[in-house]
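S.K.: Next comes target.pdb, PDB, C-alpha atoms, pLDDT in the B column:
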MODEL        1
ATOM      1  CA  MET A   1      26.792 197.976  28.744  1.00 87.00           C
ATOM      2  CA  THR A   2      23.534 196.867  27.123  1.00 90.00           C
ATOM      3  CA  LYS A   3      21.426 199.278  25.069  1.00 91.00           C
ATOM      4  CA  ALA A   4      18.700 199.264  27.722  1.00 91.00           C
ATOM      5  CA  ARG A   5      21.134 200.060  30.544  1.00 93.00           C
ATOM      6  CA  LYS A   6      22.688 202.822  28.473  1.00 93.00           C
ATOM      7  CA  ALA A   7      19.239 204.246  27.662  1.00 93.00           C
ATOM      8  CA  VAL A   8      18.263 204.276  31.346  1.00 93.00           C
ATOM      9  CA  LEU A   9      21.589 205.866  32.300  1.00 93.00           C
ATOM     10  CA  ASP A  10      21.121 208.520  29.597  1.00 93.00           C
ATOM     11  CA  ILE A  11      17.652 209.316  30.946  1.00 93.00           C
ATOM     12  CA  LEU A  12      19.033 209.670  34.474  1.00 92.00           C
ATOM     13  CA  ASN A  13      21.927 211.832  33.258  1.00 90.00           C
ATOM     14  CA  ALA A  14      19.533 214.145  31.396  1.00 90.00           C
ATOM     15  CA  SER A  15      17.236 214.611  34.390  1.00 87.00           C
ATOM     16  CA  ALA A  16      17.480 217.650  36.659  1.00 83.00           C
ATOM     17  CA  GLY A  17      16.182 215.612  39.598  1.00 84.00           C
ATOM     18  CA  PRO A  18      15.349 212.164  40.918  1.00 89.00           C
ATOM     19  CA  LEU A  19      13.117 209.919  38.808  1.00 90.00           C
ATOM     20  CA  SER A  20      10.968 206.930  39.685  1.00 89.00           C
ATOM     21  CA  ALA A  21      11.191 203.732  37.649  1.00 91.00           C
ATOM     22  CA  LEU A  22       7.781 204.643  36.199  1.00 89.00           C
ATOM     23  CA  ASP A  23       9.116 208.040  35.069  1.00 89.00           C
ATOM     24  CA  ILE A  24      12.131 206.350  33.482  1.00 92.00           C
ATOM     25  CA  GLY A  25       9.943 203.752  31.770  1.00 90.00           C
ATOM     26  CA  LYS A  26       7.771 206.483  30.251  1.00 89.00           C
ATOM     27  CA  SER A  27      10.866 208.303  28.995  1.00 89.00           C
ATOM     28  CA  ALA A  28      12.341 205.099  27.584  1.00 85.00           C
ATOM     29  CA  GLY A  29       9.176 204.420  25.592  1.00 81.00           C
ATOM     30  CA  LEU A  30       9.525 201.373  23.382  1.00 73.00           C
ATOM     31  CA  LEU A  31      13.235 200.936  24.146  1.00 75.00           C
ATOM     32  CA  CYS A  32      12.513 198.719  27.142  1.00 83.00           C
ATOM     33  CA  ASP A  33       9.658 197.313  29.196  1.00 88.00           C
ATOM     34  CA  THR A  34       9.119 197.867  32.927  1.00 89.00           C
ATOM     35  CA  ALA A  35      11.006 194.748  34.020  1.00 93.00           C
ATOM     36  CA  THR A  36      13.992 195.776  31.901  1.00 93.00           C
ATOM     37  CA  VAL A  37      13.958 199.259  33.458  1.00 93.00           C
ATOM     38  CA  TYR A  38      14.069 197.735  36.958  1.00 93.00           C
ATOM     39  CA  ARG A  39      16.864 195.335  35.979  1.00 94.00           C
ATOM     40  CA  ALA A  40      18.832 198.201  34.430  1.00 94.00           C
ATOM     41  CA  LEU A  41      18.361 200.362  37.532  1.00 94.00           C
ATOM     42  CA  HIS A  42      19.489 197.507  39.774  1.00 94.00           C
ATOM     43  CA  TYR A  43      22.594 197.029  37.633  1.00 95.00           C
ATOM     44  CA  LEU A  44      23.383 200.768  37.482  1.00 93.00           C
ATOM     45  CA  GLU A  45      23.037 201.103  41.248  1.00 90.00           C
ATOM     46  CA  SER A  46      25.081 197.988  42.019  1.00 92.00           C
ATOM     47  CA  GLU A  47      27.866 199.172  39.700  1.00 91.00           C
ATOM     48  CA  GLY A  48      27.944 202.680  41.186  1.00 87.00           C
ATOM     49  CA  TYR A  49      26.431 204.574  38.244  1.00 90.00           C
ATOM     50  CA  ALA A  50      23.286 205.538  40.173  1.00 89.00           C
ATOM     51  CA  GLU A  51      21.927 205.848  43.671  1.00 86.00           C
ATOM     52  CA  SER A  52      18.400 205.771  45.047  1.00 85.00           C
ATOM     53  CA  PHE A  53      16.258 206.649  48.022  1.00 84.00           C
ATOM     54  CA  VAL A  54      12.753 205.706  49.124  1.00 86.00           C
ATOM     55  CA  LEU A  55      10.173 208.463  49.590  1.00 83.00           C
ATOM     56  CA  SER A  56       6.689 208.085  51.046  1.00 82.00           C
ATOM     57  CA  CYS A  57       4.180 210.494  49.549  1.00 79.00           C
ATOM     58  CA  THR A  58       0.481 210.812  50.385  1.00 77.00           C
ATOM     59  CA  VAL A  59      -0.408 211.031  46.676  1.00 78.00           C
ATOM     60  CA  HIS A  60       2.077 208.667  45.008  1.00 73.00           C
ATOM     61  CA  GLY A  61       2.577 206.220  47.860  1.00 76.00           C
ATOM     62  CA  THR A  62       6.010 204.812  48.586  1.00 79.00           C
ATOM     63  CA  GLU A  63       8.385 204.931  45.637  1.00 80.00           C
ATOM     64  CA  ARG A  64      12.086 204.540  45.056  1.00 81.00           C
ATOM     65  CA  TYR A  65      13.674 207.461  43.234  1.00 81.00           C
ATOM     66  CA  TYR A  66      16.913 207.210  41.262  1.00 78.00           C
ATOM     67  CA  MET A  67      19.580 209.662  40.171  1.00 79.00           C
ATOM     68  CA  THR A  68      23.091 209.390  38.808  1.00 80.00           C
ATOM     69  CA  HIS A  69      26.192 209.963  40.863  1.00 69.00           C
ATOM     70  CA  GLY A  70      27.015 213.534  39.961  1.00 64.00           C
ATOM     71  CA  VAL A  71      30.032 215.609  40.795  1.00 56.00           C
ATOM     72  CA  SER A  72      28.912 215.701  44.421  1.00 68.00           C
ATOM     73  CA  HIS A  73      26.434 213.927  46.665  1.00 75.00           C
ATOM     74  CA  ARG A  74      23.126 215.874  46.655  1.00 79.00           C
ATOM     75  CA  HIS A  75      20.215 216.286  49.040  1.00 84.00           C
ATOM     76  CA  TRP A  76      16.635 216.781  47.875  1.00 85.00           C
ATOM     77  CA  PHE A  77      13.411 218.461  48.986  1.00 91.00           C
ATOM     78  CA  HIS A  78      10.029 217.045  47.908  1.00 90.00           C
ATOM     79  CA  CYS A  79       7.044 219.417  47.807  1.00 91.00           C
ATOM     80  CA  GLU A  80       3.939 217.852  49.334  1.00 89.00           C
ATOM     81  CA  VAL A  81       1.701 220.110  47.217  1.00 91.00           C
ATOM     82  CA  CYS A  82       3.070 220.031  43.641  1.00 89.00           C
ATOM     83  CA  HIS A  83       5.327 216.961  44.101  1.00 87.00           C
ATOM     84  CA  GLU A  84       8.351 218.587  42.490  1.00 87.00           C
ATOM     85  CA  PHE A  85      11.860 217.951  43.724  1.00 87.00           C
ATOM     86  CA  VAL A  86      14.097 220.855  44.693  1.00 89.00           C
ATOM     87  CA  ASP A  87      17.865 220.380  44.720  1.00 85.00           C
ATOM     88  CA  LEU A  88      19.116 221.439  48.160  1.00 88.00           C
ATOM     89  CA  GLY A  89      22.677 221.381  46.917  1.00 83.00           C
ATOM     90  CA  ALA A  90      25.800 219.489  47.794  1.00 82.00           C
ATOM     91  CA  CYS A  91      25.996 217.624  51.068  1.00 83.00           C
ATOM     92  CA  ARG A  92      26.709 219.823  54.073  1.00 88.00           C
ATOM     93  CA  VAL A  93      26.311 217.212  56.791  1.00 89.00           C
ATOM     94  CA  GLU A  94      29.732 215.560  56.457  1.00 88.00           C
ATOM     95  CA  PRO A  95      31.128 217.311  59.581  1.00 91.00           C
ATOM     96  CA  LEU A  96      28.115 216.069  61.565  1.00 93.00           C
ATOM     97  CA  LEU A  97      28.636 212.531  60.264  1.00 93.00           C
ATOM     98  CA  LYS A  98      32.334 212.615  61.215  1.00 94.00           C
ATOM     99  CA  ASP A  99      31.346 213.715  64.726  1.00 95.00           C
ATOM    100  CA  MET A 100      28.815 210.853  64.902  1.00 95.00           C
ATOM    101  CA  GLU A 101      31.521 208.400  63.846  1.00 95.00           C
ATOM    102  CA  ARG A 102      33.898 209.643  66.547  1.00 95.00           C
ATOM    103  CA  SER A 103      31.288 209.624  69.304  1.00 96.00           C
ATOM    104  CA  SER A 104      29.760 206.235  68.475  1.00 96.00           C
ATOM    105  CA  GLY A 105      32.772 204.325  67.165  1.00 96.00           C
ATOM    106  CA  VAL A 106      31.120 203.442  63.856  1.00 96.00           C
ATOM    107  CA  SER A 107      32.230 203.978  60.275  1.00 95.00           C
ATOM    108  CA  ILE A 108      29.529 205.676  58.190  1.00 92.00           C
ATOM    109  CA  ARG A 109      29.857 204.718  54.522  1.00 87.00           C
ATOM    110  CA  SER A 110      26.818 206.463  53.086  1.00 82.00           C
ATOM    111  CA  HIS A 111      23.748 208.408  54.053  1.00 84.00           C
ATOM    112  CA  THR A 112      20.485 209.602  52.561  1.00 81.00           C
ATOM    113  CA  LEU A 113      18.844 212.894  53.384  1.00 81.00           C
ATOM    114  CA  TYR A 114      15.711 214.338  51.884  1.00 81.00           C
ATOM    115  CA  ALA A 115      13.250 216.832  53.281  1.00 89.00           C
ATOM    116  CA  THR A 116       9.534 217.233  52.641  1.00 90.00           C
ATOM    117  CA  GLY A 117       7.262 220.233  53.002  1.00 92.00           C
ATOM    118  CA  VAL A 118       6.005 223.015  50.742  1.00 93.00           C
ATOM    119  CA  CYS A 119       8.147 224.627  48.040  1.00 92.00           C
ATOM    120  CA  ALA A 120       8.586 228.371  47.524  1.00 93.00           C
ATOM    121  CA  ARG A 121       6.307 228.428  44.475  1.00 92.00           C
ATOM    122  CA  CYS A 122       3.460 226.726  46.346  1.00 93.00           C
ATOM    123  CA  ILE A 123       3.972 228.990  49.360  1.00 92.00           C
ATOM    124  CA  ALA A 124       3.808 232.044  47.095  1.00 91.00           C
ATOM    125  CA  GLY A 125       0.753 230.669  45.321  1.00 85.00           C
ATOM    126  CA  SER A 126      -1.148 230.008  48.548  1.00 73.00           C
ATOM    127  CA  GLY A 127      -1.565 233.727  49.273  1.00 52.00           C
ATOM    128  CA  ASP A 128      -2.194 232.831  52.905  1.00 44.00           C
ATOM    129  CA  ALA A 129       0.712 233.728  55.167  1.00 39.00           C
ATOM    130  CA  GLY A 130      -1.198 232.334  58.142  1.00 37.00           C
ATOM    131  CA  SER A 131      -1.761 228.923  56.589  1.00 40.00           C
ATOM    132  CA  GLY A 132       1.050 227.302  58.534  1.00 39.00           C
ATOM    133  CA  ILE A 133       3.100 226.576  55.451  1.00 38.00           C
ATOM    134  CA  ALA A 134       5.196 229.740  55.494  1.00 35.00           C
ATOM    135  CA  GLY A 135       8.591 229.152  57.017  1.00 36.00           C
ATOM    136  CA  SER A 136       8.441 225.439  56.279  1.00 36.00           C
ATOM    137  CA  GLY A 137      11.948 225.504  54.919  1.00 37.00           C
ATOM    138  CA  GLY A 138      11.003 225.922  51.277  1.00 36.00           C
ATOM    139  CA  ALA A 139      11.245 229.714  51.138  1.00 34.00           C
ATOM    140  CA  GLY A 140      13.896 230.942  48.768  1.00 35.00           C
ATOM    141  CA  LEU A 141      14.306 227.622  46.969  1.00 36.00           C
ATOM    142  CA  ARG A 142      13.537 227.327  43.270  1.00 38.00           C
ATOM    143  CA  PRO A 143      11.687 224.205  42.109  1.00 39.00           C
ATOM    144  CA  LEU A 144      12.971 222.056  39.268  1.00 41.00           C
ATOM    145  CA  SER A 145      10.840 221.570  36.188  1.00 40.00           C
ATOM    146  CA  PRO A 146       7.351 220.197  36.921  1.00 39.00           C
ATOM    147  CA  ALA A 147       7.132 216.560  37.918  1.00 40.00           C
ATOM    148  CA  PRO A 148       5.715 214.255  35.253  1.00 40.00           C
ATOM    149  CA  ALA A 149       2.011 213.451  35.575  1.00 40.00           C
ATOM    150  CA  ARG A 150       1.335 210.030  37.009  1.00 39.00           C
ATOM    151  CA  GLY A 151      -1.430 207.651  36.108  1.00 42.00           C
ATOM    152  CA  SER A 152      -3.646 206.245  38.830  1.00 35.00           C
TER     153      SER A 152
ENDMDL
END
So that I can check it, write out the structure of this file as structure tokens.
M.R.:
Amino acid sequence: MTKARKAVLDILNASAGPLSALDIGKSAGLLCDTATVYRALHYLESEGYAESFVLSCTVHGTERYYMTHGVSHRHWFHCEVCHEFVDLGACRVEPLLKDMERSSGVSIRSHTLYATGVCARCIAGSGDAGSGIAGSGGAGLRPLSPAPARGS
């Protein structure tokens, strides 16, 4: 594996949550340029070291986020206020997918699930129980470390 690919993989392995290519490029610093980061991510995903999903955000637009294949397949929550990711834990939809396979006659090989809304910290910080954000599904979840600042 090239030094750049290894550096990108190390950055993904050290992260507590999904990262965009821009986030990875900032972490890599002078080790590799943007094009090299994208090539490394493509390689890591094609070889099974990483996986990705596309998220549309009103602030950051549409971005692809990457993470390494951990011990188990994970699902993620993205806060629409602070833009942090919250780990929803290991996949719990496998029984539903098996039922879908049986009822439709297909073979599901992979799936992507992420949720968006407002995290527990932002709900608590709003101080307005009637704001419509309480009960959005984020209550009781603990956010990961703050998302890196993004340039405009």
S.K.: Applied to this file, what does the PyMOL selection byres ((chain A and resi 76) around 10) return in terms of residues, put as a list in words?
M.R.: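 Residues picked by the PyMOL selection byres ((chain A and resi 76) around 10): Gly17, Pro18, Arg74, His75, Phe77, His78, Cys79, Phe85, Val86, Asp87, Leu88, Gly89, Ala90, Cys91, Thr112, Leu113, Tyr114, Ala115 and Thr116 of chain A.
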S.K.: Out of A:Arg5, A:Arg64, A:His83, A:Arg92, which residue has the shortest atom-to-atom distance to A:Tyr49 when counting all atoms listed in the file?
M.R.: A:Arg5
S.K.: Please evaluate the PyMOL selection byres ((chain A and resi 45) around 12) against the structure above and give the resulting residues as a list in words.
M.R.: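 Matching residues under the PyMOL selection byres ((chain A and resi 45) around 12) are Arg5, Val8, Leu9, Leu12, Tyr38, Arg39, Ala40, Leu41, His42, Tyr43, Leu44, Ser46, Glu47, Gly48, Tyr49, Ala50, Glu51, Ser52, Phe53, Tyr65, Tyr66, Met67, Thr68 and His69 of chain A.
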S.K.: Based on the selection just made, write C-alpha atoms of those residues as a compact mmCIF listing (two decimals), in the frame of the given file.
M.R.:
# COMPACT_ATOMS: atom_id res chain seq x y z
CA ARG A 5 21.13 200.06 30.54
CA VAL A 8 18.26 204.28 31.35
CA LEU A 9 21.59 205.87 32.30
CA LEU A 12 19.03 209.67 34.47
CA TYR A 38 14.07 197.74 36.96
CA ARG A 39 16.86 195.34 35.98
CA ALA A 40 18.83 198.20 34.43
CA LEU A 41 18.36 200.36 37.53
CA HIS A 42 19.49 197.51 39.77
CA TYR A 43 22.59 197.03 37.63
CA LEU A 44 23.38 200.77 37.48
CA SER A 46 25.08 197.99 42.02
CA GLU A 47 27.87 199.17 39.70
CA GLY A 48 27.94 202.68 41.19
CA TYR A 49 26.43 204.57 38.24
CA ALA A 50 23.29 205.54 40.17
CA GLU A 51 21.93 205.85 43.67
CA SER A 52 18.40 205.77 45.05
CA PHE A 53 16.26 206.65 48.02
CA TYR A 65 13.67 207.46 43.23
CA TYR A 66 16.91 207.21 41.26
CA MET A 67 19.58 209.66 40.17
CA THR A 68 23.09 209.39 38.81
CA HIS A 69 26.19 209.96 40.86
S.K.: Fewer than 4 positions away in the same chain doesn't count, so skip those; otherwise give me all residues within 9 Å of stretch 27-33 of chain A, counting only C-alpha atoms, as a PDB file with C-alpha atoms, keeping the file's coordinate frame.
M.R.:
ATOM      1  CA  LYS A   3      21.426 199.278  25.069  1.00 91.00           C
ATOM      2  CA  ALA A   4      18.700 199.264  27.722  1.00 91.00           C
ATOM      3  CA  ALA A   7      19.239 204.246  27.662  1.00 93.00           C
ATOM      4  CA  VAL A   8      18.263 204.276  31.346  1.00 93.00           C
ATOM      5  CA  ILE A  11      17.652 209.316  30.946  1.00 93.00           C
ATOM      6  CA  LEU A  22       7.781 204.643  36.199  1.00 89.00           C
ATOM      7  CA  ASP A  23       9.116 208.040  35.069  1.00 89.00           C
ATOM      8  CA  VAL A  37      13.958 199.259  33.458  1.00 93.00           C
ATOM      9  CA  TYR A  38      14.069 197.735  36.958  1.00 93.00           C
TER      10      TYR A  38
END
S.K.: Rounded to one decimal, what separation in Å do you get between atom CA of A:Lys6 and atom CA of A:Glu63?
M.R.: 22.4 Å
S.K.: Restricting the calculation to all atoms listed in the file, which member of A:Ser15, A:Glu94, A:Arg121, A:Gly25 is positioned closest to A:Ile108?
M.R.: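 Counting all atoms listed in the file, the residue closest to A:Ile108 is A:Glu94.
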S.K.: Could you give me the axis-aligned bounding box of stretch 82-89 of chain A, with 6 Å of padding per side, as centre plus edge lengths in Å to one decimal, as lines of an AutoDock Vina configuration file?
M.R.:
center_x = 12.9
center_y = 219.2
center_z = 45.3
size_x = 31.6
size_y = 16.5
size_z = 17.7
S.K.: Out of A:Ala35, A:Gly117, A:Ser126, A:Ser110, which residue has the shortest atom-to-atom distance to A:Cys57 when counting only C-alpha atoms?
M.R.: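 Once distances to A:Cys57 are computed over only C-alpha atoms, the minimum belongs to A:Gly117.
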S.K.: Which distance in Å separates atom CA of A:Pro95 and atom CA of A:Ser56, to one decimal?
M.R.: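 Spanning atom CA of A:Pro95 to atom CA of A:Ser56 is a straight-line distance of 27.5 Å.
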